[in-house]
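Engineer: Sharing a structure, written as structure tokens. Questions coming.
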Amino acid sequence: MAVRKVLQLGDPGLREVARRVEDPAGAKVKTLVKDLSDTLAYWRKKTGYGRGIAAPQIGSAMRVIFLRLPEEEPWPLVNPEITERSEGKIVVWDACLSFLSIFMQVERYRQITVRYQDVKGEWREVRAGEERNLSELLQHEIDHLDGILAVDRITDMRTLCTREEIEKRYREGSPYTQGFAKARR
């Protein structure tokens, strides 16, 4: 298990569509989930940011995402798919470990339902809304599996800003950092 390199904006690997996982309980998925966990923990410790990561971000074109929400158990999702979307949408600040120096506002569905397999291969379903900012997080990570990045969903180019500006103006209320230690400098 290891901290893996996170592909950065411009790397063609981020634009690949990930393939479906045939054996969610297999050793390959277990190793991938551990690598995603270690990599996310590293970036959270280094920057103070990071609630989720998708396999394509570490160069693995498999339909696996990994979430680590404040004060909750680690949560790997295999073959996640959005099965329902609300009519209502929200505009949120978004960023990514693959381009952590820039933030932008994007539009997301207010509520979604996601069907996925756990690492035992059992099918599960979660209804996600604005609580814990789960809906927008799941949409962000599932987009990665389809080669879609937050920059593709920007609502207005004028919202594009640097990490420094976000931290100066908005860090206190940011869902990206709630419950996590401040970045080590």
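All residue names refer to the structure tokens as shown: chains lettered A, B, ... in order, residues numbered from 1 in each chain, ligands numbered from 1 in order.
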Which residues come within 8 Å of Val64 in chain A, counting only C-alpha atoms, excluding same-chain residues fewer than 6 positions away, as JSON, numbers by chain?
Structural biologist: {"A": [21, 33, 54, 55, 76, 77, 78, 79, 80, 145]}
Engineer: Go ahead and write the residues just picked, all heavy atoms, as a tab-separated table (two decimals), in the first residue's frame.
Structural biologist:
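Contents of again.tsv, as written:
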chain	number	residue	atom	x	y	z
A	21	VAL	N	-15.74	-2.42	-12.59
A	21	VAL	CA	-15.01	-3.42	-11.80
A	21	VAL	C	-15.82	-4.71	-11.79
A	21	VAL	O	-16.99	-4.71	-11.40
A	21	VAL	CB	-14.78	-2.91	-10.36
A	21	VAL	CG1	-14.18	-4.00	-9.50
A	21	VAL	CG2	-13.92	-1.67	-10.36
A	33	VAL	N	-8.13	0.47	-3.02
A	33	VAL	CA	-8.80	1.22	-1.95
A	33	VAL	C	-7.79	1.67	-0.90
A	33	VAL	O	-7.83	2.81	-0.43
A	33	VAL	CB	-9.95	0.40	-1.32
A	33	VAL	CG1	-10.43	1.01	-0.01
A	33	VAL	CG2	-11.11	0.27	-2.32
A	54	ALA	N	-10.86	9.73	-6.53
A	54	ALA	CA	-11.30	8.72	-7.48
A	54	ALA	C	-10.09	8.00	-8.06
A	54	ALA	O	-9.03	8.59	-8.24
A	54	ALA	CB	-12.11	9.38	-8.60
A	55	ALA	N	-10.28	6.72	-8.38
A	55	ALA	CA	-9.18	5.90	-8.89
A	55	ALA	C	-8.47	6.52	-10.09
A	55	ALA	O	-7.23	6.46	-10.16
A	55	ALA	CB	-9.70	4.50	-9.22
A	76	PRO	N	-15.37	3.36	0.78
A	76	PRO	CA	-15.09	3.06	-0.62
A	76	PRO	C	-16.40	2.71	-1.35
A	76	PRO	O	-17.25	2.02	-0.80
A	76	PRO	CB	-14.17	1.85	-0.55
A	76	PRO	CG	-14.45	1.21	0.76
A	76	PRO	CD	-15.00	2.27	1.67
A	77	LEU	N	-16.53	3.20	-2.58
A	77	LEU	CA	-17.69	2.89	-3.42
A	77	LEU	C	-17.17	2.33	-4.73
A	77	LEU	O	-16.35	2.96	-5.41
A	77	LEU	CB	-18.53	4.14	-3.69
A	77	LEU	CG	-19.24	4.78	-2.51
A	77	LEU	CD1	-18.35	5.76	-1.79
A	77	LEU	CD2	-20.50	5.48	-2.98
A	78	VAL	N	-17.65	1.15	-5.08
A	78	VAL	CA	-17.24	0.47	-6.31
A	78	VAL	C	-18.41	0.53	-7.29
A	78	VAL	O	-19.56	0.29	-6.92
A	78	VAL	CB	-16.83	-0.99	-6.02
A	78	VAL	CG1	-16.39	-1.69	-7.29
A	78	VAL	CG2	-15.73	-1.04	-4.95
A	79	ASN	N	-18.10	0.84	-8.53
A	79	ASN	CA	-19.11	0.94	-9.60
A	79	ASN	C	-20.27	1.87	-9.24
A	79	ASN	O	-21.44	1.55	-9.49
A	79	ASN	CB	-19.64	-0.45	-9.97
A	79	ASN	CG	-18.57	-1.34	-10.55
A	79	ASN	OD1	-17.73	-0.90	-11.33
A	79	ASN	ND2	-18.59	-2.60	-10.16
A	80	PRO	N	-19.98	3.05	-8.67
A	80	PRO	CA	-21.08	3.95	-8.30
A	80	PRO	C	-21.75	4.53	-9.54
A	80	PRO	O	-21.09	4.81	-10.55
A	80	PRO	CB	-20.39	5.03	-7.49
A	80	PRO	CG	-19.00	5.08	-8.05
A	80	PRO	CD	-18.68	3.64	-8.39
A	145	LEU	N	-14.86	9.46	-12.82
A	145	LEU	CA	-14.93	8.14	-13.45
A	145	LEU	C	-15.32	8.23	-14.92
A	145	LEU	O	-15.07	7.31	-15.69
A	145	LEU	CB	-15.91	7.24	-12.69
A	145	LEU	CG	-15.63	7.07	-11.18
A	145	LEU	CD1	-16.68	6.16	-10.57
A	145	LEU	CD2	-14.22	6.54	-10.94
Engineer: Could you please write out, as a PyMOL selection string, every residue of range 9-163 of chain A that DSSP assigns to strand (DSSP E)?
Structural biologist: chain A and resi 52-54+64-67+75-85+89-94+102-109+112-117+123-128+161-162
Engineer: Hey, what's within 9 Å of Ile82 in chain A if we count only C-alpha atoms and toss same-chain stuff fewer than 4 positions away? As a PDB file with N, CA and C atoms, in the first residue's frame, please?
Structural biologist:
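Saved file out_27.pdb follows:
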ATOM      1  N   ILE A 112     -29.273  13.581  -4.936  1.00  0.00           N
ATOM      2  CA  ILE A 112     -29.092  12.466  -5.863  1.00  0.00           C
ATOM      3  C   ILE A 112     -29.250  11.153  -5.105  1.00  0.00           C
ATOM      4  N   THR A 113     -29.460  10.097  -5.851  1.00  0.00           N
ATOM      5  CA  THR A 113     -29.407   8.742  -5.307  1.00  0.00           C
ATOM      6  C   THR A 113     -28.300   8.020  -6.059  1.00  0.00           C
ATOM      7  N   VAL A 114     -27.439   7.348  -5.304  1.00  0.00           N
ATOM      8  CA  VAL A 114     -26.318   6.630  -5.897  1.00  0.00           C
ATOM      9  C   VAL A 114     -26.414   5.161  -5.521  1.00  0.00           C
ATOM     10  N   ARG A 115     -26.298   4.326  -6.524  1.00  0.00           N
ATOM     11  CA  ARG A 115     -26.234   2.868  -6.337  1.00  0.00           C
ATOM     12  C   ARG A 115     -24.777   2.474  -6.538  1.00  0.00           C
ATOM     13  N   TYR A 116     -24.259   1.632  -5.644  1.00  0.00           N
ATOM     14  CA  TYR A 116     -22.855   1.229  -5.706  1.00  0.00           C
ATOM     15  C   TYR A 116     -22.677  -0.137  -5.044  1.00  0.00           C
ATOM     16  N   LEU A 138     -20.252  13.473  -4.097  1.00  0.00           N
ATOM     17  CA  LEU A 138     -20.433  12.263  -4.904  1.00  0.00           C
ATOM     18  C   LEU A 138     -20.467  12.593  -6.396  1.00  0.00           C
ATOM     19  N   GLN A 139     -21.137  13.682  -6.762  1.00  0.00           N
ATOM     20  CA  GLN A 139     -21.174  14.063  -8.175  1.00  0.00           C
ATOM     21  C   GLN A 139     -19.770  14.373  -8.690  1.00  0.00           C
ATOM     22  N   ILE A 142     -17.825  10.951  -8.971  1.00  0.00           N
ATOM     23  CA  ILE A 142     -18.355  10.114 -10.055  1.00  0.00           C
ATOM     24  C   ILE A 142     -18.018  10.726 -11.405  1.00  0.00           C
TER      25      ILE A 142
END
Engineer: Using only C-alpha atoms, pick whichever of A:Arg158, A:Lys120, A:His144, A:Lys46 has the shortest atom-to-atom distance to Gln105 in chain A.
Structural biologist: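 Between A:Arg158, A:Lys120, A:His144, A:Lys46, the residue approaching Gln105 in chain A most closely is A:Arg158.
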Engineer: Name all residues at most 12 Å from Gly10 in chain A (count only C-alpha atoms; drop same-chain ones fewer than 3 positions away) and give them as number ranges by chain.
Structural biologist: A: 6-7, 13-16, 57, 98-99, 147, 149, 151
Engineer: Write the residues you've just listed into a file as a PDB file, in the first residue's frame, and include N, CA and C atoms for each of them.
Structural biologist:
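As written to disk, again_31.pdb reads:
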ATOM      1  N   VAL A   6      -0.799  11.895  -7.575  1.00  0.00           N
ATOM      2  CA  VAL A   6      -2.092  12.356  -8.060  1.00  0.00           C
ATOM      3  C   VAL A   6      -1.873  13.025  -9.415  1.00  0.00           C
ATOM      4  N   LEU A   7      -2.558  12.521 -10.437  1.00  0.00           N
ATOM      5  CA  LEU A   7      -2.456  13.122 -11.761  1.00  0.00           C
ATOM      6  C   LEU A   7      -2.959  14.553 -11.705  1.00  0.00           C
ATOM      7  N   GLY A  13      -4.749  11.049 -18.574  1.00  0.00           N
ATOM      8  CA  GLY A  13      -5.342   9.992 -17.755  1.00  0.00           C
ATOM      9  C   GLY A  13      -6.592  10.459 -17.024  1.00  0.00           C
ATOM     10  N   LEU A  14      -6.685  11.752 -16.732  1.00  0.00           N
ATOM     11  CA  LEU A  14      -7.864  12.288 -16.049  1.00  0.00           C
ATOM     12  C   LEU A  14      -9.084  12.333 -16.965  1.00  0.00           C
ATOM     13  N   ARG A  15      -8.878  12.235 -18.259  1.00  0.00           N
ATOM     14  CA  ARG A  15      -9.976  12.309 -19.228  1.00  0.00           C
ATOM     15  C   ARG A  15     -10.457  10.939 -19.694  1.00  0.00           C
ATOM     16  N   GLU A  16      -9.782   9.883 -19.256  1.00  0.00           N
ATOM     17  CA  GLU A  16     -10.206   8.525 -19.622  1.00  0.00           C
ATOM     18  C   GLU A  16     -11.477   8.139 -18.875  1.00  0.00           C
ATOM     19  N   GLN A  57      -7.652   9.436 -10.631  1.00  0.00           N
ATOM     20  CA  GLN A  57      -6.726  10.464 -10.174  1.00  0.00           C
ATOM     21  C   GLN A  57      -5.359   9.908  -9.809  1.00  0.00           C
ATOM     22  N   SER A  98      -6.447  17.270  -8.093  1.00  0.00           N
ATOM     23  CA  SER A  98      -5.734  17.301  -9.369  1.00  0.00           C
ATOM     24  C   SER A  98      -5.481  18.725  -9.861  1.00  0.00           C
ATOM     25  N   PHE A  99      -5.995  19.705  -9.169  1.00  0.00           N
ATOM     26  CA  PHE A  99      -5.676  21.121  -9.445  1.00  0.00           C
ATOM     27  C   PHE A  99      -6.018  21.943  -8.215  1.00  0.00           C
ATOM     28  N   GLY A 147     -14.315  10.880 -16.825  1.00  0.00           N
ATOM     29  CA  GLY A 147     -13.372  11.788 -17.473  1.00  0.00           C
ATOM     30  C   GLY A 147     -13.811  13.240 -17.455  1.00  0.00           C
ATOM     31  N   LEU A 149     -14.138  16.813 -15.358  1.00  0.00           N
ATOM     32  CA  LEU A 149     -13.505  17.537 -14.258  1.00  0.00           C
ATOM     33  C   LEU A 149     -14.350  18.742 -13.865  1.00  0.00           C
ATOM     34  N   VAL A 151     -13.584  21.740 -13.714  1.00  0.00           N
ATOM     35  CA  VAL A 151     -13.391  22.865 -14.637  1.00  0.00           C
ATOM     36  C   VAL A 151     -14.330  22.773 -15.836  1.00  0.00           C
TER      37      VAL A 151
END
Engineer: Write out as an NGL selection string which residues come within 10 Å of Glu164 in chain A when counting only C-alpha atoms, dropping same-chain ones fewer than 3 positions away.
Structural biologist: :A and (101-103 or 161 or 167-171)
Engineer: Save the residues we just selected, N, CA, C and O atoms, as a PDB file, in the first residue's frame?
Structural biologist:
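Contents of result-v2.pdb, freshly written:
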ATOM      1  N   SER A 101      -4.647  24.285  -6.728  1.00  0.00           N
ATOM      2  CA  SER A 101      -4.322  25.714  -6.653  1.00  0.00           C
ATOM      3  C   SER A 101      -5.441  26.592  -7.197  1.00  0.00           C
ATOM      4  O   SER A 101      -5.366  27.811  -7.080  1.00  0.00           O
ATOM      5  N   ILE A 102      -6.496  25.974  -7.784  1.00  0.00           N
ATOM      6  CA  ILE A 102      -7.598  26.777  -8.306  1.00  0.00           C
ATOM      7  C   ILE A 102      -8.948  26.256  -7.811  1.00  0.00           C
ATOM      8  O   ILE A 102      -9.139  25.060  -7.606  1.00  0.00           O
ATOM      9  N   PHE A 103      -9.853  27.192  -7.611  1.00  0.00           N
ATOM     10  CA  PHE A 103     -11.219  26.904  -7.184  1.00  0.00           C
ATOM     11  C   PHE A 103     -12.162  27.573  -8.172  1.00  0.00           C
ATOM     12  O   PHE A 103     -11.791  28.552  -8.823  1.00  0.00           O
ATOM     13  N   CYS A 161     -10.749  31.236  -9.117  1.00  0.00           N
ATOM     14  CA  CYS A 161      -9.846  31.969  -8.229  1.00  0.00           C
ATOM     15  C   CYS A 161      -8.789  31.029  -7.651  1.00  0.00           C
ATOM     16  O   CYS A 161      -8.893  29.818  -7.759  1.00  0.00           O
ATOM     17  N   GLU A 167      -8.828  30.700   0.635  1.00  0.00           N
ATOM     18  CA  GLU A 167      -8.472  30.589   2.051  1.00  0.00           C
ATOM     19  C   GLU A 167      -8.660  31.917   2.773  1.00  0.00           C
ATOM     20  O   GLU A 167      -9.123  31.951   3.906  1.00  0.00           O
ATOM     21  N   LYS A 168      -8.316  32.986   2.129  1.00  0.00           N
ATOM     22  CA  LYS A 168      -8.457  34.308   2.736  1.00  0.00           C
ATOM     23  C   LYS A 168      -9.932  34.646   2.979  1.00  0.00           C
ATOM     24  O   LYS A 168     -10.292  35.172   4.013  1.00  0.00           O
ATOM     25  N   ARG A 169     -10.776  34.312   2.026  1.00  0.00           N
ATOM     26  CA  ARG A 169     -12.169  34.745   2.087  1.00  0.00           C
ATOM     27  C   ARG A 169     -13.159  33.709   2.626  1.00  0.00           C
ATOM     28  O   ARG A 169     -14.142  34.064   3.244  1.00  0.00           O
ATOM     29  N   TYR A 170     -12.916  32.420   2.356  1.00  0.00           N
ATOM     30  CA  TYR A 170     -13.969  31.429   2.586  1.00  0.00           C
ATOM     31  C   TYR A 170     -13.581  30.202   3.397  1.00  0.00           C
ATOM     32  O   TYR A 170     -14.419  29.356   3.648  1.00  0.00           O
ATOM     33  N   ARG A 171     -12.341  30.035   3.811  1.00  0.00           N
ATOM     34  CA  ARG A 171     -11.899  28.771   4.416  1.00  0.00           C
ATOM     35  C   ARG A 171     -12.720  28.362   5.633  1.00  0.00           C
ATOM     36  O   ARG A 171     -13.027  27.188   5.799  1.00  0.00           O
TER      37      ARG A 171
END
Engineer: Name the residues in contact with Leu97 in chain A at a cut-off of 8 Å, using only C-alpha atoms, excluding same-chain residues fewer than 5 positions from it; report them as a compact mmCIF listing (two decimals) with N, CA, C and O atoms, in the first residue's frame.
Structural biologist:
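Result saved to result.txt:
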# COMPACT_ATOMS: atom_id res chain seq x y z
N VAL A 6 -0.80 11.90 -7.58
CA VAL A 6 -2.09 12.36 -8.06
C VAL A 6 -1.87 13.03 -9.42
O VAL A 6 -1.08 13.96 -9.52
N GLN A 8 -2.30 15.43 -12.44
CA GLN A 8 -2.63 16.85 -12.41
C GLN A 8 -3.33 17.28 -13.69
O GLN A 8 -3.19 16.64 -14.74
N TRP A 43 -2.61 13.88 1.35
CA TRP A 43 -2.95 15.21 0.86
C TRP A 43 -3.72 16.01 1.90
O TRP A 43 -3.55 17.22 2.01
N GLY A 50 -9.38 17.79 1.23
CA GLY A 50 -9.56 16.44 0.69
C GLY A 50 -10.59 15.65 1.45
O GLY A 50 -10.40 15.32 2.62
N ILE A 53 -11.52 10.96 -3.27
CA ILE A 53 -10.58 10.77 -4.37
C ILE A 53 -11.12 9.64 -5.25
O ILE A 53 -11.76 8.71 -4.75
Engineer: Among range 22-167 of chain A, which residues does DSSP mark as alpha helix (DSSP H) when it is run on the backbone? Keep the chain and numbering as in the structure and answer as a ChimeraX atom specification.
Structural biologist: /A:27-47,134-145,163-167
Engineer: Can I get the selection written as an mmCIF file, in the first residue's frame, with N, CA and C atoms?
Structural biologist:
data_model
loop_
_atom_site.group_PDB
_atom_site.id
_atom_site.type_symbol
_atom_site.label_atom_id
_atom_site.label_comp_id
_atom_site.auth_asym_id
_atom_site.auth_seq_id
_atom_site.Cartn_x
_atom_site.Cartn_y
_atom_site.Cartn_z
ATOM 1 N N ALA A 27 -8.610 -8.853 -4.684
ATOM 2 C CA ALA A 27 -7.383 -8.285 -4.121
ATOM 3 C C ALA A 27 -6.995 -6.977 -4.808
ATOM 4 N N LYS A 28 -7.233 -6.879 -6.115
ATOM 5 C CA LYS A 28 -6.874 -5.674 -6.860
ATOM 6 C C LYS A 28 -7.632 -4.456 -6.324
ATOM 7 N N VAL A 29 -8.907 -4.643 -6.020
ATOM 8 C CA VAL A 29 -9.725 -3.540 -5.489
ATOM 9 C C VAL A 29 -9.294 -3.208 -4.068
ATOM 10 N N LYS A 30 -9.021 -4.212 -3.267
ATOM 11 C CA LYS A 30 -8.563 -3.966 -1.884
ATOM 12 C C LYS A 30 -7.281 -3.136 -1.874
ATOM 13 N N THR A 31 -6.335 -3.473 -2.751
ATOM 14 C CA THR A 31 -5.081 -2.718 -2.845
ATOM 15 C C THR A 31 -5.346 -1.300 -3.327
ATOM 16 N N LEU A 32 -6.209 -1.163 -4.331
ATOM 17 C CA LEU A 32 -6.551 0.156 -4.849
ATOM 18 C C LEU A 32 -7.197 1.027 -3.772
ATOM 19 N N VAL A 33 -8.132 0.469 -3.019
ATOM 20 C CA VAL A 33 -8.802 1.223 -1.953
ATOM 21 C C VAL A 33 -7.789 1.668 -0.898
ATOM 22 N N LYS A 34 -6.868 0.817 -0.547
ATOM 23 C CA LYS A 34 -5.834 1.181 0.431
ATOM 24 C C LYS A 34 -4.963 2.321 -0.111
ATOM 25 N N ASP A 35 -4.590 2.228 -1.391
ATOM 26 C CA ASP A 35 -3.791 3.285 -2.003
ATOM 27 C C ASP A 35 -4.565 4.609 -2.050
ATOM 28 N N LEU A 36 -5.856 4.538 -2.375
ATOM 29 C CA LEU A 36 -6.683 5.747 -2.379
ATOM 30 C C LEU A 36 -6.749 6.351 -0.978
ATOM 31 N N SER A 37 -6.931 5.503 0.015
ATOM 32 C CA SER A 37 -6.990 5.956 1.410
ATOM 33 C C SER A 37 -5.683 6.622 1.824
ATOM 34 N N ASP A 38 -4.562 5.966 1.550
ATOM 35 C CA ASP A 38 -3.252 6.510 1.921
ATOM 36 C C ASP A 38 -2.966 7.823 1.204
ATOM 37 N N THR A 39 -3.322 7.885 -0.073
ATOM 38 C CA THR A 39 -3.073 9.089 -0.862
ATOM 39 C C THR A 39 -3.926 10.253 -0.375
ATOM 40 N N LEU A 40 -5.200 9.990 -0.112
ATOM 41 C CA LEU A 40 -6.083 11.040 0.395
ATOM 42 C C LEU A 40 -5.604 11.532 1.760
ATOM 43 N N ALA A 41 -5.219 10.613 2.639
ATOM 44 C CA ALA A 41 -4.727 10.997 3.970
ATOM 45 C C ALA A 41 -3.477 11.870 3.862
ATOM 46 N N TYR A 42 -2.597 11.518 2.954
ATOM 47 C CA TYR A 42 -1.376 12.304 2.743
ATOM 48 C C TYR A 42 -1.721 13.734 2.333
ATOM 49 N N TRP A 43 -2.608 13.884 1.352
ATOM 50 C CA TRP A 43 -2.955 15.208 0.857
ATOM 51 C C TRP A 43 -3.724 16.012 1.901
ATOM 52 N N ARG A 44 -4.558 15.341 2.673
ATOM 53 C CA ARG A 44 -5.287 16.039 3.732
ATOM 54 C C ARG A 44 -4.317 16.576 4.784
ATOM 55 N N LYS A 45 -3.340 15.753 5.122
ATOM 56 C CA LYS A 45 -2.347 16.168 6.116
ATOM 57 C C LYS A 45 -1.481 17.305 5.570
ATOM 58 N N LYS A 46 -1.123 17.230 4.306
ATOM 59 C CA LYS A 46 -0.239 18.215 3.692
ATOM 60 C C LYS A 46 -0.939 19.550 3.434
ATOM 61 N N THR A 47 -2.203 19.509 3.033
ATOM 62 C CA THR A 47 -2.882 20.733 2.594
ATOM 63 C C THR A 47 -4.078 21.140 3.445
ATOM 64 N N LEU A 134 -22.774 16.047 0.784
ATOM 65 C CA LEU A 134 -22.543 14.740 0.183
ATOM 66 C C LEU A 134 -22.956 14.670 -1.286
ATOM 67 N N SER A 135 -24.042 15.325 -1.638
ATOM 68 C CA SER A 135 -24.500 15.274 -3.024
ATOM 69 C C SER A 135 -23.442 15.824 -3.977
ATOM 70 N N GLU A 136 -22.925 17.011 -3.666
ATOM 71 C CA GLU A 136 -21.931 17.602 -4.571
ATOM 72 C C GLU A 136 -20.632 16.805 -4.572
ATOM 73 N N LEU A 137 -20.256 16.245 -3.451
ATOM 74 C CA LEU A 137 -19.030 15.448 -3.385
ATOM 75 C C LEU A 137 -19.148 14.189 -4.240
ATOM 76 N N LEU A 138 -20.252 13.473 -4.097
ATOM 77 C CA LEU A 138 -20.433 12.263 -4.904
ATOM 78 C C LEU A 138 -20.467 12.593 -6.396
ATOM 79 N N GLN A 139 -21.137 13.682 -6.762
ATOM 80 C CA GLN A 139 -21.174 14.063 -8.175
ATOM 81 C C GLN A 139 -19.770 14.373 -8.690
ATOM 82 N N HIS A 140 -18.974 15.071 -7.890
ATOM 83 C CA HIS A 140 -17.600 15.408 -8.271
ATOM 84 C C HIS A 140 -16.785 14.130 -8.520
ATOM 85 N N GLU A 141 -16.842 13.208 -7.569
ATOM 86 C CA GLU A 141 -16.023 11.994 -7.687
ATOM 87 C C GLU A 141 -16.513 11.074 -8.810
ATOM 88 N N ILE A 142 -17.825 10.951 -8.971
ATOM 89 C CA ILE A 142 -18.355 10.114 -10.055
ATOM 90 C C ILE A 142 -18.018 10.726 -11.405
ATOM 91 N N ASP A 143 -18.027 12.058 -11.495
ATOM 92 C CA ASP A 143 -17.589 12.706 -12.732
ATOM 93 C C ASP A 143 -16.190 12.244 -13.125
ATOM 94 N N HIS A 144 -15.281 12.132 -12.149
ATOM 95 C CA HIS A 144 -13.923 11.669 -12.450
ATOM 96 C C HIS A 144 -13.937 10.328 -13.181
ATOM 97 N N LEU A 145 -14.863 9.462 -12.819
ATOM 98 C CA LEU A 145 -14.928 8.140 -13.446
ATOM 99 C C LEU A 145 -15.319 8.231 -14.917
ATOM 100 N N ARG A 163 -6.302 29.291 -4.729
ATOM 101 C CA ARG A 163 -6.449 28.699 -3.399
ATOM 102 C C ARG A 163 -6.211 29.750 -2.312
ATOM 103 N N GLU A 164 -5.225 30.607 -2.525
ATOM 104 C CA GLU A 164 -4.918 31.649 -1.542
ATOM 105 C C GLU A 164 -6.117 32.569 -1.326
ATOM 106 N N GLU A 165 -6.794 32.922 -2.401
ATOM 107 C CA GLU A 165 -7.952 33.815 -2.285
ATOM 108 C C GLU A 165 -9.108 33.109 -1.563
ATOM 109 N N ILE A 166 -9.328 31.846 -1.884
ATOM 110 C CA ILE A 166 -10.372 31.063 -1.205
ATOM 111 C C ILE A 166 -10.079 30.999 0.290
ATOM 112 N N GLU A 167 -8.828 30.700 0.635
ATOM 113 C CA GLU A 167 -8.472 30.589 2.051
ATOM 114 C C GLU A 167 -8.660 31.917 2.773
#
Engineer: Out of A:Ala95, A:Val119, A:Ile148, A:Ile154, which residue has the shortest atom-to-atom distance to Pro24 in chain A when counting only C-alpha atoms?
Structural biologist: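 Of A:Ala95, A:Val119, A:Ile148, A:Ile154, the one nearest Pro24 in chain A, counting only C-alpha atoms, is A:Val119.
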Engineer: Name the closest residue to Val92 in chain A among the candidates A:Arg153, A:Arg127, A:Arg51, A:Arg4; distances are taken between atoms, counting only C-alpha atoms.
Structural biologist: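 Of A:Arg153, A:Arg127, A:Arg51, A:Arg4, the one nearest Val92 in chain A, counting only C-alpha atoms, is A:Arg153.
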Engineer: How many Å lie between CA of Gly129 in chain A and CA of Met104 in chain A, rounded to one decimal?
Structural biologist: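 Separation between CA of Gly129 in chain A and CA of Met104 in chain A: 20.3 Å.
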Engineer: What does the distance from CA of Gln111 in chain A to CA of Thr159 in chain A come to in Å, to one decimal?
Structural biologist: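 Straight-line distance from CA of Gln111 in chain A to CA of Thr159 in chain A works out to 23.1 Å.
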Engineer: CA of Arg110 in chain A and CA of Glu87 in chain A, how far apart in Å?
Structural biologist: 7.8 Å
